[in-house]
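**Student:** Input: one structure, supplied below.
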Amino acid sequence: MSPEFEIILKCFSFTGVIFLFEKTTGERKTKLFEKIKPFLTVLTEIAFILLTVNTVRTSITSGVEYKTTFKVTTITINVILLLLRMALLKQKAAVLMTLSKLDAFRSEQQNSIRKFLRNYSALACCCCFLFPLVLIIGTTTEILLNTDRYFSGDRISTCSPKMYCVIFIAFHSFIYLMHFLAFPGLVMTLLTIIYLSFVKTFRQHLGSMRYRLLESFSREEISKALAVFALAKKIHRGIERSVQLFSFLSYVLIFSNFLQLISSIVTSYMSDKIFIQIMYTYITLGWTILWFISLTMCGSQIGKIEIFIKNMSQDIIAKNFGDEEEEHKKLVYINLFNTCADINLRFTGWEMFVVDKKLLLTITGILVTYGVLFATEVSKMTN
């Protein structure tokens, strides 16, 4: 497994999804640890599933603490997170298989791609944990500085109230924000790294293919080119089967986050806790916009593949068709090449929509239109 994939898979362990894969370097663990590792994995994943289910239950039953619209959006987000977690746990083997095929698709000379993807995955994973960390530090500091405001007198009359605050708030905030922000962020990081890995690797194969075909438009080179196209189609189908549901749920989650932010602002939710409200609003807004743009832009990169293939076909025709003696044989080759190169590669969200740049404009338009209507109706309900 490549380092860029290992970084993401290891980070998932902090959010309750543990991938077991063979390590390429480093010493192997003891036999005892290897035996209990699957048991610990299942135990951890069950614990986070129960936490997610409890979060859904709490958001439904504790209605007195929420205003109606904020409660509805909160329940929706928690249900989506539960579905996303269950889908990822179900597809773990398929995801590992997809990553292995992407790793094998690269040639030994593609070190620049590996370096770029490794840096990107490290930076993206840091962003996934940065947002929760800021919220944890900010929330804990705010409550510790205003203990009397957030806790009743009888609750803080016990020994070491600030110590209890530090332990409870930090632990509870860490677990919840790993589930609420870090987990979906890592899922979107996984999607973007898969998209970029496939596109950049295939693009480099096409560059080498173009050079060889311009130098020697022979039967052997055509056979190699067709083999690359066949392998790329197979890997693309595997990517779609394994992660397209994640993409769909991610966009639904992004849309729901925008609606919840509108609801929290219009209904003045947590208006008595200004610092926490501002911090939650801006961090959630930044998180949502960041992953919305990143996921869409990375998924849209595959559209450049078709443009490159069309340009490559035109260059091959212009270069190789001038010799009348070889023209008939080369015409057969070019027809065969164009037939196999006529591929429609797109990343989709559960085959309901295509992930491309048009999606940015479409979702933004929907958010503006229905966001204004939603805010208007919520303000009427509040009044």
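In the structure tokens, the first chain shown is A, the next is B, and so on; residue numbers restart at 1 for each chain, and ligands run from 1 in the order shown.
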Ser62 (chain A): which residues within 12 Å, counting only C-alpha atoms, same-chain residues fewer than 5 positions away excluded, as number ranges by chain?

**Tutor:** A: 54-57, 67-68, 71-72, 74-75

**Student:** Given the choices A:Phe217, A:Trp350, A:Ser263, A:Lys380, which gets closest to Leu331 (chain A) if the distance is worked out from only C-alpha atoms?

**Tutor:**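 Of A:Phe217, A:Trp350, A:Ser263, A:Lys380, the one nearest Leu331 (chain A) is A:Phe217, counting only C-alpha atoms.
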
**Student:** A:Val134, A:Tyr195, A:Lys35, A:Lys200: which is nearest Ala170 (chain A), counting only C-alpha atoms?

**Tutor:**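 Closest to Ala170 (chain A), using only C-alpha atoms: A:Val134.
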
**Student:** Report, in Å to a single decimal, how far apart CA of Leu177 (chain A) and CA of Leu196 (chain A) are.

**Tutor:**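 Between CA of Leu196 (chain A) and CA of Leu177 (chain A) the gap is 27.0 Å.
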
**Student:** Just want the 8 Å neighbourhood of region 222-224 of chain A, counted on only C-alpha atoms, with same-chain residues fewer than 6 positions away dropped. Output as a list in words.

**Tutor:** Leu213, Tyr333 and Phe337 of chain A

**Student:** Please report the interatomic distance between CA of Ala230 (chain A) and CA of Phe198 (chain A) in Å with one decimal.

**Tutor:** 13.9 Å

**Student:** Quick one: of A:Phe246, A:Phe229, A:Tyr280, A:Phe374, who's nearest to Phe105 (chain A), counting only C-alpha atoms?

**Tutor:**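 With only C-alpha atoms as the atom set, the closest residue is A:Phe229.
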
**Student:** Separation of CA of Phe292 (chain A) and CA of Leu361 (chain A), in Å?

**Tutor:**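 About the pair CA of Phe292 (chain A) and CA of Leu361 (chain A): they are 11.5 Å apart.
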
**Student:** List the spatial neighbours of Asp315 (chain A) as a VMD selection string - criterion: any atom at most 12 Å away, only C-alpha atoms, same-chain residues fewer than 2 positions off excluded.

**Tutor:** chain A and resid 210 to 211 213 to 215 217 308 to 313 317 to 321 334

**Student:** So which residues touch region 7-11 of chain A within 7 Å, counting only C-alpha atoms, skipping near sequence neighbours fewer than 6 positions away, as JSON, numbers by chain?

**Tutor:** {"A": [19, 121, 122, 125, 190]}

**Student:** Could you write those residues out with N, CA and C atoms, as a PDB file, in the first residue's frame?

**Tutor:**
ATOM      1  N   PHE A  19      -9.007   0.003   9.164  1.00  0.00           N
ATOM      2  CA  PHE A  19      -8.661  -0.795   7.995  1.00  0.00           C
ATOM      3  C   PHE A  19      -7.470  -1.685   8.343  1.00  0.00           C
ATOM      4  N   SER A 121      -2.479  14.167   0.713  1.00  0.00           N
ATOM      5  CA  SER A 121      -3.184  13.382   1.727  1.00  0.00           C
ATOM      6  C   SER A 121      -2.795  13.816   3.130  1.00  0.00           C
ATOM      7  N   ALA A 122      -1.507  14.128   3.350  1.00  0.00           N
ATOM      8  CA  ALA A 122      -1.067  14.584   4.672  1.00  0.00           C
ATOM      9  C   ALA A 122      -1.706  15.922   5.024  1.00  0.00           C
ATOM     10  N   CYS A 125      -5.559  15.425   5.631  1.00  0.00           N
ATOM     11  CA  CYS A 125      -5.831  14.783   6.919  1.00  0.00           C
ATOM     12  C   CYS A 125      -5.597  15.756   8.076  1.00  0.00           C
ATOM     13  N   LEU A 190     -10.647  10.695   1.264  1.00  0.00           N
ATOM     14  CA  LEU A 190     -10.476   9.418   0.567  1.00  0.00           C
ATOM     15  C   LEU A 190     -11.007   9.503  -0.853  1.00  0.00           C
TER      16      LEU A 190
END

**Student:** Could you list, as a PyMOL selection string, every residue within 10 Å of Ile175 (chain A), counting only C-alpha atoms and ignoring same-chain residues fewer than 4 positions away?

**Tutor:** chain A and resi 14-16+48+51+132+170-171+179-180+182

**Student:** For the selection you just gave me, I'd like the residues written to a file as a PDB file, in the first residue's frame, keeping all heavy atoms.

**Tutor:**
ATOM      1  N   PHE A  14      -8.936   6.888  14.213  1.00  0.00           N
ATOM      2  CA  PHE A  14      -9.373   7.833  15.243  1.00  0.00           C
ATOM      3  C   PHE A  14     -10.873   8.097  15.182  1.00  0.00           C
ATOM      4  O   PHE A  14     -11.435   8.666  16.124  1.00  0.00           O
ATOM      5  CB  PHE A  14      -8.619   9.158  15.097  1.00  0.00           C
ATOM      6  CG  PHE A  14      -7.159   9.053  15.377  1.00  0.00           C
ATOM      7  CD1 PHE A  14      -6.243   8.946  14.338  1.00  0.00           C
ATOM      8  CD2 PHE A  14      -6.682   9.039  16.678  1.00  0.00           C
ATOM      9  CE1 PHE A  14      -4.883   8.849  14.590  1.00  0.00           C
ATOM     10  CE2 PHE A  14      -5.324   8.953  16.938  1.00  0.00           C
ATOM     11  CZ  PHE A  14      -4.420   8.844  15.897  1.00  0.00           C
ATOM     12  N   THR A  15     -11.509   7.714  14.089  1.00  0.00           N
ATOM     13  CA  THR A  15     -12.948   7.960  13.931  1.00  0.00           C
ATOM     14  C   THR A  15     -13.763   6.671  14.004  1.00  0.00           C
ATOM     15  O   THR A  15     -14.957   6.685  13.711  1.00  0.00           O
ATOM     16  CB  THR A  15     -13.227   8.656  12.589  1.00  0.00           C
ATOM     17  OG1 THR A  15     -12.850   7.788  11.504  1.00  0.00           O
ATOM     18  CG2 THR A  15     -12.440   9.956  12.477  1.00  0.00           C
ATOM     19  N   GLY A  16     -13.132   5.566  14.387  1.00  0.00           N
ATOM     20  CA  GLY A  16     -13.882   4.336  14.596  1.00  0.00           C
ATOM     21  C   GLY A  16     -14.020   3.434  13.395  1.00  0.00           C
ATOM     22  O   GLY A  16     -14.824   2.498  13.414  1.00  0.00           O
ATOM     23  N   PHE A  48     -18.332   2.934  18.107  1.00  0.00           N
ATOM     24  CA  PHE A  48     -18.638   4.166  17.370  1.00  0.00           C
ATOM     25  C   PHE A  48     -20.005   4.091  16.691  1.00  0.00           C
ATOM     26  O   PHE A  48     -20.680   5.117  16.555  1.00  0.00           O
ATOM     27  CB  PHE A  48     -17.547   4.445  16.338  1.00  0.00           C
ATOM     28  CG  PHE A  48     -16.416   5.269  16.870  1.00  0.00           C
ATOM     29  CD1 PHE A  48     -15.354   4.681  17.536  1.00  0.00           C
ATOM     30  CD2 PHE A  48     -16.412   6.639  16.717  1.00  0.00           C
ATOM     31  CE1 PHE A  48     -14.306   5.436  18.042  1.00  0.00           C
ATOM     32  CE2 PHE A  48     -15.368   7.417  17.214  1.00  0.00           C
ATOM     33  CZ  PHE A  48     -14.319   6.812  17.885  1.00  0.00           C
ATOM     34  N   LEU A  51     -22.367   4.908  19.396  1.00  0.00           N
ATOM     35  CA  LEU A  51     -22.297   6.353  19.632  1.00  0.00           C
ATOM     36  C   LEU A  51     -23.106   7.115  18.592  1.00  0.00           C
ATOM     37  O   LEU A  51     -23.852   8.047  18.921  1.00  0.00           O
ATOM     38  CB  LEU A  51     -20.842   6.815  19.602  1.00  0.00           C
ATOM     39  CG  LEU A  51     -20.619   8.341  19.602  1.00  0.00           C
ATOM     40  CD1 LEU A  51     -21.047   8.937  20.930  1.00  0.00           C
ATOM     41  CD2 LEU A  51     -19.169   8.675  19.309  1.00  0.00           C
ATOM     42  N   PRO A 132     -11.876  20.102  14.182  1.00  0.00           N
ATOM     43  CA  PRO A 132     -12.320  19.634  15.508  1.00  0.00           C
ATOM     44  C   PRO A 132     -11.425  20.124  16.634  1.00  0.00           C
ATOM     45  O   PRO A 132     -11.923  20.444  17.723  1.00  0.00           O
ATOM     46  CB  PRO A 132     -12.263  18.105  15.379  1.00  0.00           C
ATOM     47  CG  PRO A 132     -12.337  17.826  13.931  1.00  0.00           C
ATOM     48  CD  PRO A 132     -11.647  18.973  13.266  1.00  0.00           C
ATOM     49  N   ALA A 170     -13.423  17.814  27.381  1.00  0.00           N
ATOM     50  CA  ALA A 170     -12.409  17.463  26.379  1.00  0.00           C
ATOM     51  C   ALA A 170     -12.691  16.100  25.761  1.00  0.00           C
ATOM     52  O   ALA A 170     -12.638  15.933  24.529  1.00  0.00           O
ATOM     53  CB  ALA A 170     -11.024  17.491  27.009  1.00  0.00           C
ATOM     54  N   PHE A 171     -13.010  15.104  26.599  1.00  0.00           N
ATOM     55  CA  PHE A 171     -13.260  13.755  26.083  1.00  0.00           C
ATOM     56  C   PHE A 171     -14.529  13.701  25.247  1.00  0.00           C
ATOM     57  O   PHE A 171     -14.542  13.159  24.135  1.00  0.00           O
ATOM     58  CB  PHE A 171     -13.349  12.761  27.242  1.00  0.00           C
ATOM     59  CG  PHE A 171     -13.627  11.353  26.801  1.00  0.00           C
ATOM     60  CD1 PHE A 171     -12.625  10.589  26.221  1.00  0.00           C
ATOM     61  CD2 PHE A 171     -14.891  10.798  26.950  1.00  0.00           C
ATOM     62  CE1 PHE A 171     -12.877   9.287  25.806  1.00  0.00           C
ATOM     63  CE2 PHE A 171     -15.155   9.507  26.527  1.00  0.00           C
ATOM     64  CZ  PHE A 171     -14.146   8.751  25.964  1.00  0.00           C
ATOM     65  N   HIS A 179     -16.582  12.221  15.224  1.00  0.00           N
ATOM     66  CA  HIS A 179     -17.723  11.672  14.483  1.00  0.00           C
ATOM     67  C   HIS A 179     -18.367  12.711  13.577  1.00  0.00           C
ATOM     68  O   HIS A 179     -18.717  12.424  12.427  1.00  0.00           O
ATOM     69  CB  HIS A 179     -18.746  11.131  15.493  1.00  0.00           C
ATOM     70  CG  HIS A 179     -20.152  11.112  14.978  1.00  0.00           C
ATOM     71  ND1 HIS A 179     -20.596  10.186  14.055  1.00  0.00           N
ATOM     72  CD2 HIS A 179     -21.223  11.902  15.256  1.00  0.00           C
ATOM     73  CE1 HIS A 179     -21.872  10.403  13.792  1.00  0.00           C
ATOM     74  NE2 HIS A 179     -22.273  11.440  14.494  1.00  0.00           N
ATOM     75  N   PHE A 180     -18.491  13.947  14.053  1.00  0.00           N
ATOM     76  CA  PHE A 180     -19.259  14.972  13.340  1.00  0.00           C
ATOM     77  C   PHE A 180     -18.453  15.663  12.241  1.00  0.00           C
ATOM     78  O   PHE A 180     -18.986  15.974  11.168  1.00  0.00           O
ATOM     79  CB  PHE A 180     -19.771  16.014  14.345  1.00  0.00           C
ATOM     80  CG  PHE A 180     -20.588  17.098  13.722  1.00  0.00           C
ATOM     81  CD1 PHE A 180     -21.876  16.841  13.264  1.00  0.00           C
ATOM     82  CD2 PHE A 180     -20.087  18.385  13.585  1.00  0.00           C
ATOM     83  CE1 PHE A 180     -22.643  17.844  12.683  1.00  0.00           C
ATOM     84  CE2 PHE A 180     -20.841  19.394  13.013  1.00  0.00           C
ATOM     85  CZ  PHE A 180     -22.123  19.118  12.565  1.00  0.00           C
ATOM     86  N   ALA A 182     -14.446  15.133  11.740  1.00  0.00           N
ATOM     87  CA  ALA A 182     -13.271  14.426  11.228  1.00  0.00           C
ATOM     88  C   ALA A 182     -13.652  13.245  10.343  1.00  0.00           C
ATOM     89  O   ALA A 182     -13.059  13.040   9.277  1.00  0.00           O
ATOM     90  CB  ALA A 182     -12.405  13.947  12.398  1.00  0.00           C
TER      91      ALA A 182
END

**Student:** What are the DSSP helix (DSSP H, G or I) residues of region 324-383 of chain A, as number ranges by chain?

**Tutor:** A: 324-341, 357-382

**Student:** Hey, which of A:His205, A:Phe174, A:Gln244, A:Lys90 ends up closest to Met352 (chain A)? Count only C-alpha atoms.

**Tutor:**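 Among the listed residues, A:Gln244 lies closest to Met352 (chain A).
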
**Student:** Give the answer as one residue: which of A:Ala341, A:Ile289, A:Ile274, A:Leu135 has the shortest atom-to-atom distance to Thr364 (chain A), using only C-alpha atoms?

**Tutor:** A:Ile289

**Student:** Would you kindly return, as a VMD selection string, each protein, DNA or RNA residue with an atom no farther than 12 Å from any atom of Ser379 (chain A), considering only C-alpha atoms and excluding same-chain residues fewer than 6 positions away?

**Tutor:** chain A and resid 67 to 69 262 to 268 372 to 373
